[in-house]
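Here the structure is laid out as C-alpha cells; the discussion comes afterwards.
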Amino acid sequence: MDVLLGNNTTQRRKEGVQSVVARSNSNANISMMGATVRGSRSVATSALVQPNIQPISYSTTQTMSVLITGSTVPATSTTERGMLEVDVTRLDLECAREGDEERGGNGISPPQTPMVKTKRARDARSIIGRLLGAFASARAVVGAGGGVCGAAKTAAVGLLTMGRVKKAGNEAEAYEKSRGGDFGCMNPCEMLLAFGSGATGRKAMFHAPNSGTFRRHVWRYFLSLLMVMWLVWNLADRGGADYYYKSASNLRASIRERLGSDSIGDVGKERLPGEISLALIFDRNRLPHAAQLVRSVMRFANPGSKFYFHLIVPRGLEDSIYDELLILPGTSNETTRSDEGFVFLDKGGKNVASSVRFLVYDHGLCERYGHAVMAFSDPGIHLSAHCKFFLSEILQAHHARLAFMPKVNGKAIDEKVPDSVFARVLYVDNDVTAVQDITPCWRRFFSNSQFIGMSVDQGDICQYFPNLCWPLGFEWVVPPGLFCGNVPSRSKLYDPSLNQYCPKPGQTETYQFNGGVVLMDLEKMRKVGFTEMYVNTTVRTARNIGFKKARWGEQDFINSFFRVHPDSLHPLPCGCNYQFTASRREVKCPNQPVYLAHGWSRGVSEQSTNLYNHLFFYFRSGFKSSNVPPAAPTLSAVAQPSGPTRMYPFRYRTNCPHQSDYDCQSINDDTDPIFNNDPVYILTRTSGRPKFFHDARRSVMIQSHPHIRHLVVTDDRESFNSYLANGTARVAERQSGTVAIEEVEASRWAAQDDATSLWTAPGVRAPMQVRLIKSLYSEFDKMEPCRSCGGSPEKNCANAPPLSKSEERTKFLNCFCETHYPMNTYVDRLHEMVVEDLRNDQRGGEDEVQHGWIVYLDDDNMLTDPQALTTLLAHARSTQELVLWKSHLGRITPSDGSFGKSKISIGDIDASGYMFHTSNLFGDQSSNIISATDEGSLVEQGADSDIRANNVTDMDPWKITLDTWGSKRCGDYRTAHHLSQRLSLRWINSTFTGSHPLRAQLGGLGMRSDVSRRSLVTVIVTAHVSSGFRSRWLESTVAEYTSLKYLNVIDRILLVWNNPEGSPAAKVTGFASHYVYIGEDGKEKPNPAFTLKPDRPKGPPLFILHQTKNSLNNRWTTTIDFIETDAVLNIDDDIFVNEDGITCMLVHWLEDPTQIIGPFARQISADNQYIMDERFEDRATYSLILPRIMLLNRRHLLMYRDSDYSSTLQSYVDSQEGHCDDITLNAIVAYTGKKPPFRVILPPQTVIDYYEECHRLHRMETGGLALQKDRTKLRSECTQWIQGAFPESALRESAVVGTCGVNGRKLGKSEKVNKDMYGEMKRRTMCDFE
C-alpha cells in the first residue's frame, strides 16, 4: 500500500471529487504501515492536490517515521495540526499500475469514475466503539497465536455487520477467495478492488447516488477496517513481512522487547535532556572548519542554553584545539582569555564559560568500529565520515575526557558530566554553519520505534542515476511545474545522452536522506543493538548487489538501512540541514526556516558571494574579518513563487523503486549467517626474510577486520631473536605508544628449540604469536625435482610446462608433488597453535568455543587490499564452505580454465588463495557434506548450519584430522582438494592476495632470499622555507618517511636545505640524525650546534645538507656522496608519495634502471616549445618527467655532475629564470642512454598533492616556482637552449605508460593515460591552515 502523509490546512472541493473528513480525538494514536500518529504541533502546509483527486484527510496530527512530509517543527508553533493523507481515489490506479508493470505494460491506467460528493462528513465518534471492539478482538486472536491474517479477518467480521455493508463484505471475501487469496491478508489496494468487485459494493461506491447512507457506511467501515488491519499488523510479529528481512525480528517487536514497552509512538513520555550535545569529528586539517561550527552555534545560542561538544580527534591535537575552539563570540568581536583558563563572552559581555563544555575522544575509536563497513564503501570516503553512525558505541562516559575546564584560583573546576549528555546527540559535519539558534533541530520528539533523525537530501544524483546509489526504499511524487524533478531553470542539468531518468509531474522518483546532520537517540540505539543491525544490513546488502562499492559511503549505507528498517527514521525539518549548494534545494526545502546551512565540500572550498558561504568564512576566521557579513536568510528559497511553499510527502516501497540493477527481493530473503565478527587466523611460516616478512606483517596489520590473530612459526633462532621479536616490539610500540622493547622481550618463554612463543602487547591490532620450532631445512633437497622430474635449476626446479600442454604438465606435477619438502610439516604446528588458542578461549569461561576462519599467508606473500578479510567474510554464507579467490603470483592463480570449477586443479592453486572455517580442522562432517557443480554453483545436500565446537569427533574433540599438508610438495593443493570433497566451493572473482611486488626481481619462489639493499631508495627533498604552509608540509613528509614502516622501502632521506641564511624549522630538525654544511666547493663540514635528539624516530635516518649557495643544481650534485643505493627518489616539498607508490615505481624501474621514471610528464614540441599539459589523450606523447616525483639511478646524478656538458649546463641553470635543472637532467640521461623516460601512473590514494589542494585559497602563501609570470615562455627558452647544447636533439619521445595496483604491484603498460586513474592516484587532503 502507498500512503501519503502530510500536512493540510485547507479542504478544496473540486467537481467530481468527494472529500470525506472524519475527525478523531487529537490525542489518539494511530499506527499505519509502521507510521505512528500522535498529537503534536506542526507548521501548516498544503496537501498535494492533483486534478480530480482529493485526499481523504483525518484530522490527526503527525510525527511520522515512514510516509511523512518531515515538516513538523518548533514546539512553539500551536496554530495547526497535521493531517494524515490517504489518497483513496488513486488506490485503484496504483493497483492497476503495479499489475500492468508486472505484465510489461506502460503502467498507465485511467482512474475510476469519481465518487459523488456528499453533503456532510460523518463524526468519527459514532464508530469508536465498534472500532475498539474490533481491535480488541483482533488483539485477542494475536495473543492466542492466531496470526496476523486471523486477526485481520476477525477485525473485518467485527466491522462488517450491518445489512448491505455485511453483504458487500461477503462479496469482497468471495472475490478474494476466487483469486486464491486470503481476505484477512489483503493489502489496501486489493481490498478496495475486492469491495468494488461485488454488485453491492460497486453500486454503493460508484453507481448509487441515492444510497448515500449505505455508501457512507461502506467507506466508513472500510477505512476503519484499514486502520485496524495496520494496528494489528504492526503490533504483531510479522516475521516474514515484505519490508523486513525474513531472518530478522520485526523492529517494533524488538524495540518493545528491549525497551520494555508495549506502546508504540508514545511521544508524550519522552523527556529531552536539558543540555544540548553536539558531536564533531575532525583532524588537524579540518580543525578550522570545526572551530567555525562551534563559534557559529554559540553565536546564535539562546541565553541559558548549555552545550556539550563531543570532539572526536586524533591524539596530539588538543593544544591546537585549545587555540582554535576557544575563540568564541566576545565583545568587539574579540575573545577574552585570562590566567584562570578562558572566558567566553556573549554579545552583552557576560561570562558564559559555564554554558559550554568540551568532551574529547580518541579518533582511534573510529577505527575500531568504522572499519566494519569501510570494505563496502568507495575508498575515497574518509573513515571519519563512517564514524558518525558508530557514535552510540563511542560517546560513552568511559571514553570521554572533559577538557578545557575553567579554573578558579588556578585550580580546574571538578565537574561531573550528566548521564543525559551521553543519551542523545546531534552530529554535525564540519562544513555546516549555524545561522540561527539550533534548538528546534534538537528538540525533536521520537516515537518509540525512532532513533535516527535526518533531513532530506537535496541533490539529484540518485534521482538522475538511481542505480549509482545503493538500494533505496523511499520515493516521492513529482509535483506540477517541475522539469525532471527540478526547477525548469536547471533543465541544462538533464542530458538525454547520459540516459538520465526524467520523471514527469505525477510520476515518482527516488528519495533519500542526507547524513550531514544526524540526530541520534544513543540510549535507544544501544538498547536495540543498532551497531549490529547497521553492520549486518550493510553486509547483506553488499553481498546481494555484487559488492558494488557505495559511492556515497555511509550515506548509502544508512539509506539502505532505512529501506529495511523504515520505522527507525524520524525526518528532520529540511532547514536543519539546508544544503545551500544542492541543485534541488528550492524543491525539497521550499520556504522553510534555516537553522544549519550545509555547504558540502564544494560550497566552502573557496570564498564566494553566497551569504551562507560568507558566514562560514567569517566564523572560520575567528571574527578577524573586517567584512562582517549580513544576516543569512532565515527562509530557504522556493522553487516557484506561485507554487506551494511546503515540503512534499514521500512514501515507502520495498522493491527499490527505479533501481533496476538490484534484485531487492534477494536482499529481503537473505537469511544466511553473517561472519564478519568472527576471528581470522593468519598462518605464516618465515625464516631469514626480515624485509619480506615486514611487508607481509604490515599487510595484516592494516586490515580493517578487527579480530585477527597472526600465528607465526620459524625454524631460525636468529630470525626469532631479531626481526620477529624486535619487529613485534616495534609494531607494539607504534600502535600503543607505551610498550617498550624490553617489556616484550621479557615476555618470551625460555629459549627452547620447540616451545618458544610470545604475544604482542594487549590491544595491538592483529596480535602476533611467534613459535620457534626445530629446523628441518637441512633435510630439504631443492634439486630433487630437477633430478627426478626434469625440472630446470634456473627455475628452482619448479618449471612446470605451460597450461596449454596439459599432458606434459600433469606428468611433471604428479612427479613434482611427490618430492620431499619437510617444511610443509610446519603448517601442522600452526594448526596446533590454532587449537591451543581455541582451547584457551574455552578455559576462559566461554560457553561455546568462538571458532573462526583460517587463511595461509607465506612470508613473501601479502594481502593486497586493506579490506580483504572483511570482504572475504562477507562473501562466506556457511561454515561448510571453502572460499576461494584469485592470487597474483607473477600470474593470476587459479587460471581462467580452473577458476569456478568443482574440482581443484593441481598446480593451479596457492595456499594464499583460499579460506576455511576452523571447525573443519576436526572430524569428518559427513552429515553436512555439500557438493558443487562444475560451474561452481552451490548445491547443498546436507544441513547448512553454523558448526561450532560440538561438531567434532566423539573420541577427542580437539584432535586435528586435517593432516593433508604432509612432508611433500603441493601441500596447499592436497589440503584444498581434500576440503573440496567435503565442503561447497564459493569462488570469488577478485584478487585479495599476491606475492611481494619485488619478489620477481629479487628472488623468492620458495628460496630463502629477501629484499636486498638494491631494492631500497634514497629520498631527496629540496626546501628553503622554514615557516608557513611549505614548512608544515615538509614536517609531515619527514615525519612519515622517518617512521618505522618505511624501513623496508627507504634507506635514508636527504634534505637539501637551499637557504644559506636560515635553518629548517625546529620540528624538522628534531627528526634529523645528521646535519652538515655543504660549501660552494662541495665539501662538507658538520654543524657544531646540532645535537641528536634521543627521541627521534627509529626509522630511516634524515640527513640535513645545509647549502651555502641557493641553487637547484644542489639536489643533483651535492647529494651523491651521501647515497648508497642505486635507486634515488626525488620529490618536491609540496608533495608526498607513500610506500605503495614508491614500490610501484621501483618495480617498473628494476626492469630497466637506465630510465627516469615518474607520474608527472611534459611534452616538448617539434620546434622545442614547452607544453604545459598533463597529457591525457590517447597516445599522449611526452619527452620528460617532472622532478615533483622522479625515480632515477645514482649514475644519473654522476652524469649530471661530471659529463662533458655539465659545467656549461649547470651555469645556464643558475642564470636562467626558468629553473631548468629538470630539463637538463632529462636531456643528459636521454642523450647518454638513447632512451626516453618512462611515465608510471601510481596506485590509487598514494599521492598527496598539497599544492594542488591549497593554492586556490592561498595562492601567494603556497606558491613556489609555478607562480612565475610567463613560465611557459621561460621554459620554452630553456628547452631550446639545452637542446642546442647537444650535437643532436637530446630529448626522446614516448607514449608508453605503466600502471600499478594495490601494494604497488605492477599491472602492465599501455599507450593511453586513463584520466580517472590519474585522478584516483591522488589522495585528497584539506589545506593545512595556519
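Ligands are numbered from 1 in the order shown, residues from 1 within each chain, and chains are lettered A, B, ... in the order they appear in the C-alpha cells.
When DSSP is run on the backbone, the residues of range 552-648 of chain A that fall into strand (DSSP E or B) are Leu569, His570, Pro571, Tyr578, Gln579, Pro593, Leu596, Ala597, His598 and Leu635 of chain A.
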Checklist line | Proximity to Val770 in chain A - best of A:Cys789, A:Val713, A:Val417, A:Val373, only C-alpha atoms | finding: A:Val713
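Note that the spacing between CA of Asp1081 in chain A and CA of Gln1155 in chain A amounts to 29.5 Å.
Residues with any atom within 7 Å of Asn613 in chain A, counting only C-alpha atoms and excluding same-chain neighbours fewer than 6 positions away, are Gly603, Val604 and Gln607 of chain A.
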Next item on the list: List every residue of range 412-570 of chain A that DSSP, applied to the backbone of this structure, places in helix (DSSP H, G or I), and write the result as a PyMOL selection string.
Entry: chain A and resi 419-422+439-442+461-464+466-468+488-493+496-498+522-528+530-544+554-564+566-568
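One distance worth recording is that between CA of Ile909 in chain A and CA of Leu803 in chain A, which is 12.8 Å.
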Note to self: When you look at range 521-524 of chain A with a cut-off of 8 Å (counting only C-alpha atoms), what residues show up, excluding the ones that are within fewer than 4 positions of it in the same chain? I need them as a ChimeraX atom specification.
What the structure shows: /A:259,391-392,422-425,451-452,528
Resulting file, chosen residues, N, CA, C and O atoms, as a compact mmCIF listing (two decimals), in the first residue's frame:
```txt
# COMPACT_ATOMS: atom_id res chain seq x y z
N LEU A 259 13.08 -2.30 25.07
CA LEU A 259 12.77 -1.13 25.85
C LEU A 259 11.74 -1.40 26.93
O LEU A 259 11.46 -0.55 27.77
N LEU A 391 28.50 6.36 16.79
CA LEU A 391 28.58 7.22 17.96
C LEU A 391 27.93 6.60 19.19
O LEU A 391 28.30 6.93 20.32
N SER A 392 26.97 5.71 19.00
CA SER A 392 26.36 5.06 20.17
C SER A 392 27.37 4.21 20.90
O SER A 392 27.24 3.97 22.11
N PHE A 422 25.26 11.68 27.35
CA PHE A 422 25.62 10.51 26.53
C PHE A 422 24.38 9.77 26.02
O PHE A 422 24.51 8.68 25.47
N ALA A 423 23.21 10.36 26.20
CA ALA A 423 21.97 9.68 25.81
C ALA A 423 21.44 10.14 24.46
O ALA A 423 20.73 9.39 23.79
N ARG A 424 21.75 11.35 24.07
CA ARG A 424 21.24 11.90 22.80
C ARG A 424 22.28 12.87 22.27
O ARG A 424 22.94 13.57 23.04
N VAL A 425 22.45 12.90 20.95
CA VAL A 425 23.45 13.80 20.37
C VAL A 425 23.00 14.24 18.99
O VAL A 425 22.28 13.51 18.29
N PHE A 451 14.90 6.31 16.27
CA PHE A 451 16.10 6.70 17.00
C PHE A 451 17.11 7.46 16.15
O PHE A 451 18.17 7.83 16.63
N ILE A 452 16.82 7.70 14.87
CA ILE A 452 17.70 8.48 14.00
C ILE A 452 16.87 9.54 13.28
O ILE A 452 15.87 9.20 12.65
N VAL A 528 18.59 -1.32 21.34
CA VAL A 528 18.12 -2.15 20.22
C VAL A 528 19.26 -2.81 19.46
O VAL A 528 19.03 -3.58 18.53
```
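Between Asp1167 in chain A and the residues A:Thr537, A:Thr1279, A:Ser984, A:Asn799, the shortest atom-to-atom distance, using only C-alpha atoms, involves A:Thr1279.
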Please list as a compact mmCIF listing (two decimals) with all heavy atoms, in the first residue's frame every residue within 9 Å of Arg584 in chain A, counting only C-alpha atoms and excluding residues in the same chain fewer than 4 positions away.
```
# COMPACT_ATOMS: atom_id res chain seq x y z
N ASP A 457 17.85 14.66 1.45
CA ASP A 457 18.97 15.05 0.61
C ASP A 457 18.44 15.90 -0.54
O ASP A 457 17.45 15.54 -1.19
CB ASP A 457 19.68 13.81 0.06
CG ASP A 457 20.95 14.16 -0.70
OD1 ASP A 457 22.00 14.22 -0.06
OD2 ASP A 457 20.86 14.38 -1.91
N GLN A 458 19.09 17.02 -0.80
CA GLN A 458 18.59 17.98 -1.77
C GLN A 458 19.39 17.98 -3.07
O GLN A 458 19.29 18.91 -3.86
CB GLN A 458 18.59 19.37 -1.11
CG GLN A 458 17.62 19.45 0.06
CD GLN A 458 17.99 20.48 1.11
OE1 GLN A 458 18.56 21.52 0.78
NE2 GLN A 458 17.67 20.21 2.37
N GLY A 459 20.20 16.92 -3.28
CA GLY A 459 20.92 16.77 -4.53
C GLY A 459 20.09 16.04 -5.57
O GLY A 459 18.89 15.81 -5.39
N ASP A 460 20.75 15.60 -6.66
CA ASP A 460 19.98 14.99 -7.75
C ASP A 460 20.64 13.75 -8.36
O ASP A 460 20.11 13.18 -9.30
CB ASP A 460 19.73 16.01 -8.86
CG ASP A 460 21.01 16.59 -9.44
OD1 ASP A 460 22.10 16.06 -9.13
OD2 ASP A 460 20.92 17.58 -10.18
N GLY A 485 11.94 16.67 -12.22
CA GLY A 485 12.02 16.76 -10.78
C GLY A 485 12.71 17.99 -10.26
O GLY A 485 12.91 18.12 -9.04
N ASN A 486 13.10 18.92 -11.14
CA ASN A 486 13.83 20.10 -10.70
C ASN A 486 13.18 21.34 -11.29
O ASN A 486 12.28 21.26 -12.14
CB ASN A 486 15.30 20.01 -11.14
CG ASN A 486 16.23 20.80 -10.24
OD1 ASN A 486 15.80 21.67 -9.50
ND2 ASN A 486 17.51 20.49 -10.32
N VAL A 487 13.64 22.50 -10.87
CA VAL A 487 13.10 23.74 -11.39
C VAL A 487 13.47 23.86 -12.86
O VAL A 487 14.56 23.44 -13.27
CB VAL A 487 13.63 24.94 -10.59
CG1 VAL A 487 13.11 24.91 -9.17
CG2 VAL A 487 15.15 24.98 -10.59
N GLN A 579 21.10 22.36 2.40
CA GLN A 579 22.27 22.16 1.56
C GLN A 579 22.29 23.25 0.49
O GLN A 579 21.74 23.09 -0.60
CB GLN A 579 22.23 20.75 0.97
CG GLN A 579 22.27 19.67 2.05
CD GLN A 579 21.28 18.55 1.83
OE1 GLN A 579 21.27 17.92 0.78
NE2 GLN A 579 20.44 18.29 2.83
N LYS A 588 13.08 20.64 -2.58
CA LYS A 588 12.97 19.79 -1.40
C LYS A 588 12.85 20.58 -0.10
O LYS A 588 12.54 20.02 0.94
CB LYS A 588 14.20 18.87 -1.33
CG LYS A 588 14.33 17.91 -2.51
CD LYS A 588 13.22 16.87 -2.50
CE LYS A 588 13.33 15.91 -3.69
NZ LYS A 588 14.52 15.08 -3.63
N CYS A 589 13.13 21.89 -0.15
CA CYS A 589 13.08 22.69 1.08
C CYS A 589 12.50 24.07 0.77
O CYS A 589 13.14 25.09 1.00
CB CYS A 589 14.49 22.81 1.67
SG CYS A 589 14.54 23.40 3.37
N ALA A 639 10.90 27.02 -5.01
CA ALA A 639 11.07 26.67 -6.42
C ALA A 639 10.34 27.65 -7.34
O ALA A 639 10.91 28.14 -8.31
CB ALA A 639 10.60 25.25 -6.67
```
Notebook entry, point to check: Which neighbours of range 1049-1066 of chain A fall inside 9 Å, counting only C-alpha atoms, when residues of the same chain fewer than 6 positions from it are skipped, and could you give them as a ChimeraX atom specification?
Noted result: /A:1013,1015-1027,1031-1032,1035,1038,1041-1042,1099-1112,1114-1115,1118-1119,1122-1125,1139,1142-1143
Item checked: Phe916 in chain A surroundings by only C-alpha atoms, 7 Å radius, close-in-sequence under 4 positions cut, as a list of chain:residue names -> A:Trp853, A:Ile854, A:Glu881, A:Leu882, A:Val883
Include C-alpha atoms and write out the residues we just selected as a PDB file, in the first residue's frame.
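After the write, selection-v1.pdb holds the following:
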```
ATOM      1  CA  TRP A 853      38.488 -18.844   9.826  1.00  0.00           C
ATOM      2  CA  ILE A 854      41.939 -19.855   8.609  1.00  0.00           C
ATOM      3  CA  GLU A 881      32.197 -23.628   2.536  1.00  0.00           C
ATOM      4  CA  LEU A 882      35.674 -23.439   1.091  1.00  0.00           C
ATOM      5  CA  VAL A 883      36.044 -19.829  -0.011  1.00  0.00           C
TER       6      VAL A 883
END
```
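CA of Lys492 in chain A to CA of Gln555 in chain A spans 26.5 Å [interatomic distance, one decimal].
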